[in-house]
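S.K.: Below you'll find final35.cif; it's mmCIF, C-alpha atoms and all ligand atoms; chains and numbers go by the auth columns.
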data_upload
loop_
_atom_site.group_PDB
_atom_site.id
_atom_site.type_symbol
_atom_site.label_atom_id
_atom_site.label_comp_id
_atom_site.label_asym_id
_atom_site.label_seq_id
_atom_site.Cartn_x
_atom_site.Cartn_y
_atom_site.Cartn_z
_atom_site.B_iso_or_equiv
_atom_site.auth_seq_id
_atom_site.auth_asym_id
ATOM 1 C CA MET A 1 -24.097 11.238 29.145 0.00 886 A
ATOM 2 C CA ILE A 2 -20.565 12.180 28.206 0.00 887 A
ATOM 3 C CA HIS A 3 -17.809 10.638 26.104 0.00 888 A
ATOM 4 C CA THR A 4 -14.656 9.077 27.582 0.00 889 A
ATOM 5 C CA ASP A 5 -11.434 8.787 25.620 0.00 890 A
ATOM 6 C CA PHE A 6 -9.520 6.379 27.840 0.00 891 A
ATOM 7 C CA PRO A 7 -5.975 6.700 26.447 0.00 892 A
ATOM 8 C CA THR A 8 -5.795 10.498 26.526 0.00 893 A
ATOM 9 C CA GLY A 9 -7.751 11.094 29.715 0.00 894 A
ATOM 10 C CA ASN A 10 -10.117 13.385 27.867 0.00 895 A
ATOM 11 C CA LEU A 11 -13.810 13.719 28.599 0.00 896 A
ATOM 12 C CA ARG A 12 -16.204 15.392 26.201 0.00 897 A
ATOM 13 C CA GLY A 13 -19.458 16.854 27.390 0.00 898 A
ATOM 14 C CA GLU A 14 -20.558 18.687 30.529 0.00 899 A
ATOM 15 C CA VAL A 15 -17.479 18.155 32.648 0.00 900 A
ATOM 16 C CA VAL A 16 -15.465 20.183 35.156 0.00 901 A
ATOM 17 C CA ARG A 17 -11.842 20.895 34.273 0.00 902 A
ATOM 18 C CA THR A 18 -9.210 21.962 36.796 0.00 903 A
ATOM 19 C CA SER A 19 -5.517 22.707 36.619 0.00 904 A
ATOM 20 C CA ARG A 20 -3.069 22.862 39.547 0.00 905 A
ATOM 21 C CA THR A 21 0.287 24.594 39.426 0.00 906 A
ATOM 22 C CA VAL A 22 3.290 24.274 41.696 0.00 907 A
ATOM 23 C CA GLY A 23 2.189 27.570 43.250 0.00 908 A
ATOM 24 C CA ASP A 24 -1.335 26.264 43.904 0.00 909 A
ATOM 25 C CA LEU A 25 0.279 23.494 45.955 0.00 910 A
ATOM 26 C CA GLN A 26 2.630 25.880 47.767 0.00 911 A
ATOM 27 C CA ASN A 27 1.829 24.509 51.214 0.00 912 A
ATOM 28 C CA TYR A 28 2.146 20.884 50.143 0.00 913 A
ATOM 29 C CA TRP A 29 5.792 20.732 49.075 0.00 914 A
ATOM 30 C CA ALA A 30 8.566 19.967 51.541 0.00 915 A
ATOM 31 C CA SER A 31 10.656 22.748 49.948 0.00 916 A
ATOM 32 C CA TYR A 32 8.588 25.089 47.798 0.00 917 A
ATOM 33 C CA ASP A 33 10.389 26.690 44.845 0.00 918 A
ATOM 34 C CA GLU A 34 8.886 30.042 43.851 0.00 919 A
ATOM 35 C CA SER A 35 10.616 29.944 40.453 0.00 920 A
ATOM 36 C CA LEU A 36 8.386 26.998 39.474 0.00 921 A
ATOM 37 C CA LYS A 37 5.133 28.524 40.671 0.00 922 A
ATOM 38 C CA ASP A 38 3.478 28.666 37.228 0.00 923 A
ATOM 39 C CA SER A 39 4.424 25.121 36.187 0.00 924 A
ATOM 40 C CA VAL A 40 1.345 22.952 35.732 0.00 925 A
ATOM 41 C CA VAL A 41 1.540 19.860 37.940 0.00 926 A
ATOM 42 C CA TYR A 42 -1.712 18.190 36.954 0.00 927 A
ATOM 43 C CA GLU A 43 -5.025 18.619 35.211 0.00 928 A
ATOM 44 C CA THR A 44 -8.301 16.901 35.985 0.00 929 A
ATOM 45 C CA GLN A 45 -11.523 16.377 34.072 0.00 930 A
ATOM 46 C CA SER A 46 -14.495 15.316 36.182 0.00 931 A
ATOM 47 C CA TRP A 47 -18.031 14.263 35.512 0.00 932 A
ATOM 48 C CA PHE A 48 -20.638 14.668 38.247 0.00 933 A
ATOM 49 C CA PRO A 49 -23.815 12.991 36.922 0.00 934 A
ATOM 50 C CA PHE A 50 -25.680 14.669 39.811 0.00 935 A
ATOM 51 C CA PRO A 51 -24.514 17.487 42.093 0.00 936 A
ATOM 52 C CA ASP A 52 -21.371 16.713 44.077 0.00 937 A
ATOM 53 C CA GLY A 53 -22.284 15.302 47.466 0.00 938 A
ATOM 54 C CA THR A 54 -25.441 13.502 46.332 0.00 939 A
ATOM 55 C CA GLU A 55 -25.801 10.233 48.224 0.00 940 A
ATOM 56 C CA GLY A 56 -25.569 7.094 46.089 0.00 941 A
ATOM 57 C CA VAL A 57 -24.092 8.855 43.050 0.00 942 A
ATOM 58 C CA VAL A 58 -20.804 7.751 41.488 0.00 943 A
ATOM 59 C CA CYS A 59 -18.374 10.236 39.918 0.00 944 A
ATOM 60 C CA TRP A 60 -15.853 9.773 37.160 0.00 945 A
ATOM 61 C CA ALA A 61 -12.641 11.680 36.450 0.00 946 A
ATOM 62 C CA SER A 62 -9.262 11.605 34.816 0.00 947 A
ATOM 63 C CA THR A 63 -6.021 13.100 36.034 0.00 948 A
ATOM 64 C CA LYS A 64 -3.050 13.922 33.868 0.00 949 A
ATOM 65 C CA LEU A 65 -0.063 14.283 36.201 0.00 950 A
ATOM 66 C CA TYR A 66 2.987 15.768 34.503 0.00 951 A
ATOM 67 C CA PRO A 67 6.587 14.712 35.120 0.00 952 A
ATOM 68 C CA GLY A 68 8.723 17.071 37.154 0.00 953 A
ATOM 69 C CA LYS A 69 10.185 17.771 40.556 0.00 954 A
ATOM 70 C CA VAL A 70 10.072 20.408 43.257 0.00 955 A
ATOM 71 C CA GLY A 71 13.288 19.992 45.163 0.00 956 A
ATOM 72 C CA ASP A 72 13.576 16.245 45.775 0.00 957 A
ATOM 73 C CA GLU A 73 9.850 15.617 45.412 0.00 958 A
ATOM 74 C CA HIS A 74 8.206 14.301 42.285 0.00 959 A
ATOM 75 C CA PHE A 75 5.203 16.165 40.956 0.00 960 A
ATOM 76 C CA MET A 76 2.196 14.903 42.894 0.00 961 A
ATOM 77 C CA THR A 77 -1.494 15.380 43.414 0.00 962 A
ATOM 78 C CA ARG A 78 -2.235 17.265 46.614 0.00 963 A
ATOM 79 C CA GLY A 79 -3.985 14.169 47.966 0.00 964 A
ATOM 80 C CA HIS A 80 -6.851 13.916 50.411 0.00 965 A
ATOM 81 C CA PHE A 81 -8.735 11.929 52.998 0.00 966 A
ATOM 82 C CA HIS A 82 -12.355 10.979 52.480 0.00 967 A
ATOM 83 C CA LEU A 83 -14.497 12.248 55.330 0.00 968 A
ATOM 84 C CA LYS A 84 -16.478 8.998 55.236 0.00 969 A
ATOM 85 C CA GLU A 85 -14.006 6.190 55.901 0.00 970 A
ATOM 86 C CA THR A 86 -16.436 3.621 54.500 0.00 971 A
ATOM 87 C CA HIS A 87 -16.295 5.286 51.073 0.00 972 A
ATOM 88 C CA GLY A 88 -13.393 4.162 48.883 0.00 973 A
ATOM 89 C CA GLU A 89 -12.284 4.892 45.350 0.00 974 A
ATOM 90 C CA LEU A 90 -11.214 3.023 42.227 0.00 975 A
ATOM 91 C CA ILE A 91 -8.094 4.038 40.327 0.00 976 A
ATOM 92 C CA ILE A 92 -7.190 2.774 36.838 0.00 977 A
ATOM 93 C CA VAL A 93 -3.893 3.727 35.198 0.00 978 A
ATOM 94 C CA VAL A 94 -3.728 4.109 31.426 0.00 979 A
ATOM 95 C CA SER A 95 -0.254 5.485 30.781 0.00 980 A
ATOM 96 C CA GLY A 96 2.921 6.536 32.525 0.00 981 A
ATOM 97 C CA ILE A 97 4.457 5.286 35.750 0.00 982 A
ATOM 98 C CA GLY A 98 4.301 6.454 39.320 0.00 983 A
ATOM 99 C CA GLN A 99 3.260 5.531 42.808 0.00 984 A
ATOM 100 C CA LEU A 100 0.096 5.708 44.845 0.00 985 A
ATOM 101 C CA LEU A 101 0.929 6.734 48.414 0.00 986 A
ATOM 102 C CA LEU A 102 -1.545 5.618 51.069 0.00 987 A
ATOM 103 C CA ALA A 103 -1.555 6.607 54.716 0.00 988 A
ATOM 104 C CA THR A 104 -3.866 6.597 57.694 0.00 989 A
ATOM 105 C CA ARG A 105 -3.782 9.288 60.371 0.00 990 A
ATOM 106 C CA GLU A 106 -2.125 6.680 62.552 0.00 991 A
ATOM 107 C CA SER A 107 1.039 5.025 61.273 0.00 992 A
ATOM 108 C CA GLU A 108 -0.214 2.731 58.529 0.00 993 A
ATOM 109 C CA ARG A 109 1.532 3.306 55.194 0.00 994 A
ATOM 110 C CA GLN A 110 1.327 1.614 51.789 0.00 995 A
ATOM 111 C CA VAL A 111 2.951 2.313 48.438 0.00 996 A
ATOM 112 C CA VAL A 112 1.429 0.927 45.237 0.00 997 A
ATOM 113 C CA ASP A 113 3.474 1.004 42.030 0.00 998 A
ATOM 114 C CA LEU A 114 1.441 2.430 39.168 0.00 999 A
ATOM 115 C CA THR A 115 1.868 1.088 35.646 0.00 1000 A
ATOM 116 C CA PRO A 116 -0.579 0.994 32.732 0.00 1001 A
ATOM 117 C CA GLY A 117 -3.514 -1.289 33.448 0.00 1002 A
ATOM 118 C CA LEU A 118 -3.075 -1.231 37.207 0.00 1003 A
ATOM 119 C CA THR A 119 -6.531 -1.213 38.760 0.00 1004 A
ATOM 120 C CA PHE A 120 -6.681 -0.678 42.489 0.00 1005 A
ATOM 121 C CA TYR A 121 -9.317 -0.136 45.125 0.00 1006 A
ATOM 122 C CA ILE A 122 -8.362 2.536 47.650 0.00 1007 A
ATOM 123 C CA GLU A 123 -10.012 1.788 50.971 0.00 1008 A
ATOM 124 C CA GLY A 124 -11.842 4.775 52.371 0.00 1009 A
ATOM 125 C CA LYS A 125 -9.657 5.062 55.463 0.00 1010 A
ATOM 126 C CA PHE A 126 -6.535 5.989 53.484 0.00 1011 A
ATOM 127 C CA PHE A 127 -5.217 9.395 52.584 0.00 1012 A
ATOM 128 C CA HIS A 128 -4.327 9.009 48.894 0.00 1013 A
ATOM 129 C CA ARG A 129 -1.806 10.850 46.749 0.00 1014 A
ATOM 130 C CA VAL A 130 -0.314 9.979 43.354 0.00 1015 A
ATOM 131 C CA ILE A 131 3.229 10.872 42.313 0.00 1016 A
ATOM 132 C CA ASN A 132 4.743 10.728 38.834 0.00 1017 A
ATOM 133 C CA THR A 133 8.143 9.010 38.988 0.00 1018 A
ATOM 134 C CA GLY A 134 8.588 8.796 35.209 0.00 1019 A
ATOM 135 C CA ASP A 135 9.450 11.178 32.415 0.00 1020 A
ATOM 136 C CA LYS A 136 6.055 11.152 30.661 0.00 1021 A
ATOM 137 C CA PRO A 137 2.595 12.238 31.834 0.00 1022 A
ATOM 138 C CA LEU A 138 0.890 9.767 34.160 0.00 1023 A
ATOM 139 C CA VAL A 139 -2.740 9.427 33.117 0.00 1024 A
ATOM 140 C CA PHE A 140 -5.246 7.682 35.352 0.00 1025 A
ATOM 141 C CA TRP A 141 -8.974 7.425 35.886 0.00 1026 A
ATOM 142 C CA CYS A 142 -10.812 7.443 39.191 0.00 1027 A
ATOM 143 C CA SER A 143 -14.333 6.692 40.304 0.00 1028 A
ATOM 144 C CA TRP A 144 -15.641 7.575 43.759 0.00 1029 A
ATOM 145 C CA PRO A 145 -18.909 8.095 45.649 0.00 1030 A
ATOM 146 C CA ALA A 146 -20.128 11.683 45.374 0.00 1031 A
ATOM 147 C CA ASP A 147 -20.951 11.828 49.080 0.00 1032 A
ATOM 148 C CA CYS A 148 -17.525 10.662 50.375 0.00 1033 A
ATOM 149 C CA GLY A 149 -16.494 14.198 51.405 0.00 1034 A
ATOM 150 C CA HIS A 150 -12.930 15.479 51.016 0.00 1035 A
ATOM 151 C CA ASP A 151 -10.282 16.761 53.392 0.00 1036 A
ATOM 152 C CA TYR A 152 -7.558 18.414 51.309 0.00 1037 A
ATOM 153 C CA SER A 153 -5.534 19.740 54.255 0.00 1038 A
ATOM 154 C CA PRO A 154 -1.789 19.510 53.560 0.00 1039 A
ATOM 155 C CA PHE A 155 -0.577 16.139 54.822 0.00 1040 A
ATOM 156 C CA ARG A 156 2.983 14.833 54.760 0.00 1041 A
ATOM 157 C CA ILE A 157 3.489 11.121 54.463 0.00 1042 A
HETATM 158 FE FE FE B . -10.472 10.332 46.822 0.00 1101 B
#
What's the structure tokens form of this structure?
Ligand SMILES: [Fe+2]

M.R.:
Amino acid sequence: MIHTDFPTGNLRGEVVRTSRTVGDLQNYWASYDESLKDSVVYETQSWFPFPDGTEGVVCWASTKLYPGKVGDEHFMTRGHFHLKETHGELIIVVSGIGQLLLATRESERQVVDLTPGLTFYIEGKFFHRVINTGDKPLVFWCSWPADCGHDYSPFRI
């Protein structure tokens, strides 16, 4: 059991915290800017009730995506495909504005505008990335199956 503070995106308890800087995403930007390498792009807090990868388990996490740009690109999550295309993900926005970019390896593309309260089911076949188009942090929650598998290879939409 943990404690969720919805508005702030904070979890309290045995959770995993990560932070990604512009430099961590060096291979993801269209035009990487070394001078921004230490800028924090986003932070996540994740709860894995059972070890990651366990079949039938559901995970829970927040992301706080900061406003900013690298060249012409808004700050973004690196994004990923699920290895199991049958395994989707729920996203719930609590504050800020942005866009959810969806793409298949073929040519299918979708853009979903993110505003507080938006609750969306991401089908498992879609690469998914979130961008912050506003001037405040974009805070959202996600829930996904622990055994979906992740492919974080750089992917340009
Ligand atoms: Fe995902």

S.K.: Ligand FE 1101 (chain B): which residues are within 10 Å, counting only C-alpha atoms and all ligand atoms, as a list in words?

M.R.: Gly964, His965, Phe966, His967, Leu968, His972, Gly973, Glu974, Leu975, Ile976, Ile1007, Glu1008, Gly1009, Phe1011, Phe1012, His1013, Arg1014, Cys1027, Ser1028, Trp1029, Pro1030, Ala1031, Cys1033, Gly1034, His1035, Asp1036 and Tyr1037 of chain A

S.K.: Between A:Val943, A:Val955, A:Leu910, A:Val901, which one has atoms that come closest to Ser931 of chain A, using all atoms listed in the file?

M.R.: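 For Ser931 of chain A, the nearest of the given residues is A:Val901.
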
S.K.: When you draw a straight line from atom CA of Thr962 of chain A to atom CA of Ile1016 of chain A, how long is it in Å?

M.R.: 6.6 Å

S.K.: Atom CA of Tyr927 of chain A and atom CA of Leu950 of chain A, how far apart in Å?

M.R.: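 Between these atoms lies a distance of 4.3 Å.
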
S.K.: Give me, please, the distance in Å between atom CA of Thr893 of chain A and atom CA of Ile982 of chain A, quoted to one decimal.

M.R.: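 These two atoms are separated by 14.7 Å.
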
S.K.: Check what the PyMOL selection byres (((chain A and resi 1023) around 12) and not hetatm) selects in the file above and give those residues as a PyMOL selection string.

M.R.: chain A and resi 892-894+926-929+947-953+959-962+977-985+999-1002+1015-1022+1024-1026

S.K.: Would you write out those residues with C-alpha atoms, as a CSV table (one decimal), in the coordinates of the input?

M.R.:
chain,number,residue,atom,x,y,z
A,892,PRO,CA,-6.0,6.7,26.4
A,893,THR,CA,-5.8,10.5,26.5
A,894,GLY,CA,-7.8,11.1,29.7
A,926,VAL,CA,1.5,19.9,37.9
A,927,TYR,CA,-1.7,18.2,37.0
A,928,GLU,CA,-5.0,18.6,35.2
A,929,THR,CA,-8.3,16.9,36.0
A,947,SER,CA,-9.3,11.6,34.8
A,948,THR,CA,-6.0,13.1,36.0
A,949,LYS,CA,-3.0,13.9,33.9
A,950,LEU,CA,-0.1,14.3,36.2
A,951,TYR,CA,3.0,15.8,34.5
A,952,PRO,CA,6.6,14.7,35.1
A,953,GLY,CA,8.7,17.1,37.2
A,959,HIS,CA,8.2,14.3,42.3
A,960,PHE,CA,5.2,16.2,41.0
A,961,MET,CA,2.2,14.9,42.9
A,962,THR,CA,-1.5,15.4,43.4
A,977,ILE,CA,-7.2,2.8,36.8
A,978,VAL,CA,-3.9,3.7,35.2
A,979,VAL,CA,-3.7,4.1,31.4
A,980,SER,CA,-0.3,5.5,30.8
A,981,GLY,CA,2.9,6.5,32.5
A,982,ILE,CA,4.5,5.3,35.8
A,983,GLY,CA,4.3,6.5,39.3
A,984,GLN,CA,3.3,5.5,42.8
A,985,LEU,CA,0.1,5.7,44.8
A,999,LEU,CA,1.4,2.4,39.2
A,1000,THR,CA,1.9,1.1,35.6
A,1001,PRO,CA,-0.6,1.0,32.7
A,1002,GLY,CA,-3.5,-1.3,33.4
A,1015,VAL,CA,-0.3,10.0,43.4
A,1016,ILE,CA,3.2,10.9,42.3
A,1017,ASN,CA,4.7,10.7,38.8
A,1018,THR,CA,8.1,9.0,39.0
A,1019,GLY,CA,8.6,8.8,35.2
A,1020,ASP,CA,9.4,11.2,32.4
A,1021,LYS,CA,6.1,11.2,30.7
A,1022,PRO,CA,2.6,12.2,31.8
A,1024,VAL,CA,-2.7,9.4,33.1
A,1025,PHE,CA,-5.2,7.7,35.4
A,1026,TRP,CA,-9.0,7.4,35.9

S.K.: Please expand the PyMOL selection byres (((chain A and resi 898) around 7) and not hetatm) into the concrete residues it hits in this file, giving the result as number ranges by chain.

M.R.: A: 887-888, 896-897, 899-900

S.K.: If we count all atoms listed in the file and set the cut-off at 12 Å, which residues sit around Asp923 of chain A, ignoring sequence neighbours fewer than 4 positions away in its own chain? Please answer as a PyMOL selection string.

M.R.: chain A and resi 904-911+918-919+927

S.K.: Give the answer as one residue: which of A:Arg1041, A:Lys969, A:Arg963, A:Lys954 has the shortest atom-to-atom distance to Ala988 of chain A, using all atoms listed in the file?

M.R.: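 Of the candidates, the smallest distance to Ala988 of chain A is held by A:Arg1041.
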
S.K.: Taking into account only C-alpha atoms, which residue in the set A:Gly956, A:Pro936, A:Gly941, A:Pro1039 is nearest to Ser916 of chain A?

M.R.: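 Among the listed residues, the smallest separation from Ser916 of chain A belongs to A:Gly956.
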
S.K.: Ranking A:Thr903, A:Thr1004, A:Ser1038, A:Ser992 by minimum distance to Val925 of chain A and counting only C-alpha atoms, which one comes first?

M.R.: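 That would be A:Thr903, the residue with the smallest distance to Val925 of chain A.
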
S.K.: In terms of the shortest atom-to-atom distance over only C-alpha atoms, which of A:Val942, A:Phe1005, A:Glu958, A:Ile1042 is closest to Arg990 of chain A?

M.R.: A:Ile1042

S.K.: Generate the missing atoms of segment 961-996 of chain A up to N, CA and C atoms and report them as a JSON list (two decimals), keeping the file's coordinate frame.

M.R.:
[["chain", "number", "residue", "atom", "x", "y", "z"],
["A", 961, "MET", "N", 3.17, 15.74, 42.19],
["A", 961, "MET", "CA", 2.20, 14.90, 42.89],
["A", 961, "MET", "C", 0.84, 15.59, 42.91],
["A", 962, "THR", "N", -0.19, 14.80, 43.13],
["A", 962, "THR", "CA", -1.49, 15.38, 43.41],
["A", 962, "THR", "C", -1.47, 15.84, 44.87],
["A", 963, "ARG", "N", -2.31, 16.80, 45.23],
["A", 963, "ARG", "CA", -2.24, 17.26, 46.61],
["A", 963, "ARG", "C", -2.68, 16.18, 47.58],
["A", 964, "GLY", "N", -3.56, 15.29, 47.12],
["A", 964, "GLY", "CA", -3.98, 14.17, 47.97],
["A", 964, "GLY", "C", -5.07, 14.59, 48.95],
["A", 965, "HIS", "N", -5.77, 13.59, 49.47],
["A", 965, "HIS", "CA", -6.85, 13.92, 50.41],
["A", 965, "HIS", "C", -7.30, 12.68, 51.19],
["A", 966, "PHE", "N", -7.97, 12.94, 52.28],
["A", 966, "PHE", "CA", -8.74, 11.93, 53.00],
["A", 966, "PHE", "C", -10.19, 12.04, 52.55],
["A", 967, "HIS", "N", -10.90, 10.93, 52.58],
["A", 967, "HIS", "CA", -12.36, 10.98, 52.48],
["A", 967, "HIS", "C", -12.90, 11.18, 53.89],
["A", 968, "LEU", "N", -13.92, 12.01, 54.00],
["A", 968, "LEU", "CA", -14.50, 12.25, 55.33],
["A", 968, "LEU", "C", -15.25, 11.02, 55.82],
["A", 969, "LYS", "N", -15.80, 10.25, 54.87],
["A", 969, "LYS", "CA", -16.48, 9.00, 55.24],
["A", 969, "LYS", "C", -15.51, 7.84, 54.98],
["A", 970, "GLU", "N", -15.03, 7.24, 56.04],
["A", 970, "GLU", "CA", -14.01, 6.19, 55.90],
["A", 970, "GLU", "C", -14.54, 4.91, 55.26],
["A", 971, "THR", "N", -15.86, 4.80, 55.15],
["A", 971, "THR", "CA", -16.44, 3.62, 54.50],
["A", 971, "THR", "C", -16.47, 3.78, 52.98],
["A", 972, "HIS", "N", -16.13, 4.97, 52.49],
["A", 972, "HIS", "CA", -16.30, 5.29, 51.07],
["A", 972, "HIS", "C", -14.94, 5.31, 50.37],
["A", 973, "GLY", "N", -14.68, 4.29, 49.57],
["A", 973, "GLY", "CA", -13.39, 4.16, 48.88],
["A", 973, "GLY", "C", -13.43, 4.73, 47.48],
["A", 974, "GLU", "N", -12.45, 4.30, 46.69],
["A", 974, "GLU", "CA", -12.28, 4.89, 45.35],
["A", 974, "GLU", "C", -11.53, 3.92, 44.46],
["A", 975, "LEU", "N", -11.92, 3.85, 43.22],
["A", 975, "LEU", "CA", -11.21, 3.02, 42.23],
["A", 975, "LEU", "C", -10.24, 3.89, 41.45],
["A", 976, "ILE", "N", -9.05, 3.34, 41.20],
["A", 976, "ILE", "CA", -8.09, 4.04, 40.33],
["A", 976, "ILE", "C", -7.65, 3.07, 39.24],
["A", 977, "ILE", "N", -7.58, 3.57, 38.00],
["A", 977, "ILE", "CA", -7.19, 2.77, 36.84],
["A", 977, "ILE", "C", -6.15, 3.58, 36.07],
["A", 978, "VAL", "N", -4.97, 3.01, 35.89],
["A", 978, "VAL", "CA", -3.89, 3.73, 35.20],
["A", 978, "VAL", "C", -3.92, 3.38, 33.72],
["A", 979, "VAL", "N", -3.78, 4.40, 32.86],
["A", 979, "VAL", "CA", -3.73, 4.11, 31.43],
["A", 979, "VAL", "C", -2.36, 4.35, 30.81],
["A", 980, "SER", "N", -1.60, 5.30, 31.33],
["A", 980, "SER", "CA", -0.25, 5.48, 30.78],
["A", 980, "SER", "C", 0.64, 6.17, 31.80],
["A", 981, "GLY", "N", 1.95, 5.95, 31.62],
["A", 981, "GLY", "CA", 2.92, 6.54, 32.52],
["A", 981, "GLY", "C", 3.20, 5.62, 33.71],
["A", 982, "ILE", "N", 4.13, 6.06, 34.55],
["A", 982, "ILE", "CA", 4.46, 5.29, 35.75],
["A", 982, "ILE", "C", 4.52, 6.23, 36.95],
["A", 983, "GLY", "N", 4.27, 5.65, 38.10],
["A", 983, "GLY", "CA", 4.30, 6.45, 39.32],
["A", 983, "GLY", "C", 4.01, 5.59, 40.52],
["A", 984, "GLN", "N", 3.60, 6.24, 41.58],
["A", 984, "GLN", "CA", 3.26, 5.53, 42.81],
["A", 984, "GLN", "C", 2.02, 6.16, 43.44],
["A", 985, "LEU", "N", 1.23, 5.29, 44.04],
["A", 985, "LEU", "CA", 0.10, 5.71, 44.84],
["A", 985, "LEU", "C", 0.53, 5.59, 46.30],
["A", 986, "LEU", "N", 0.51, 6.71, 47.02],
["A", 986, "LEU", "CA", 0.93, 6.73, 48.41],
["A", 986, "LEU", "C", -0.31, 6.73, 49.29],
["A", 987, "LEU", "N", -0.39, 5.77, 50.19],
["A", 987, "LEU", "CA", -1.54, 5.62, 51.07],
["A", 987, "LEU", "C", -1.10, 5.75, 52.51],
["A", 988, "ALA", "N", -1.91, 6.43, 53.31],
["A", 988, "ALA", "CA", -1.56, 6.61, 54.72],
["A", 988, "ALA", "C", -2.81, 6.83, 55.55],
["A", 989, "THR", "N", -2.81, 6.27, 56.74],
["A", 989, "THR", "CA", -3.87, 6.60, 57.69],
["A", 989, "THR", "C", -3.34, 7.68, 58.62],
["A", 990, "ARG", "N", -4.23, 8.26, 59.42],
["A", 990, "ARG", "CA", -3.78, 9.29, 60.37],
["A", 990, "ARG", "C", -2.92, 8.67, 61.46],
["A", 991, "GLU", "N", -3.01, 7.36, 61.61],
["A", 991, "GLU", "CA", -2.12, 6.68, 62.55],
["A", 991, "GLU", "C", -0.80, 6.42, 61.83],
["A", 992, "SER", "N", -0.30, 5.22, 61.86],
["A", 992, "SER", "CA", 1.04, 5.03, 61.27],
["A", 992, "SER", "C", 1.03, 4.09, 60.07],
["A", 993, "GLU", "N", -0.16, 3.68, 59.63],
["A", 993, "GLU", "CA", -0.21, 2.73, 58.53],
["A", 993, "GLU", "C", 0.17, 3.41, 57.21],
["A", 994, "ARG", "N", 1.07, 2.77, 56.47],
["A", 994, "ARG", "CA", 1.53, 3.31, 55.19],
["A", 994, "ARG", "C", 1.56, 2.20, 54.15],
["A", 995, "GLN", "N", 1.20, 2.56, 52.90],
["A", 995, "GLN", "CA", 1.33, 1.61, 51.79],
["A", 995, "GLN", "C", 1.76, 2.39, 50.56],
["A", 996, "VAL", "N", 2.56, 1.73, 49.72],
["A", 996, "VAL", "CA", 2.95, 2.31, 48.44],
["A", 996, "VAL", "C", 2.57, 1.31, 47.35]]
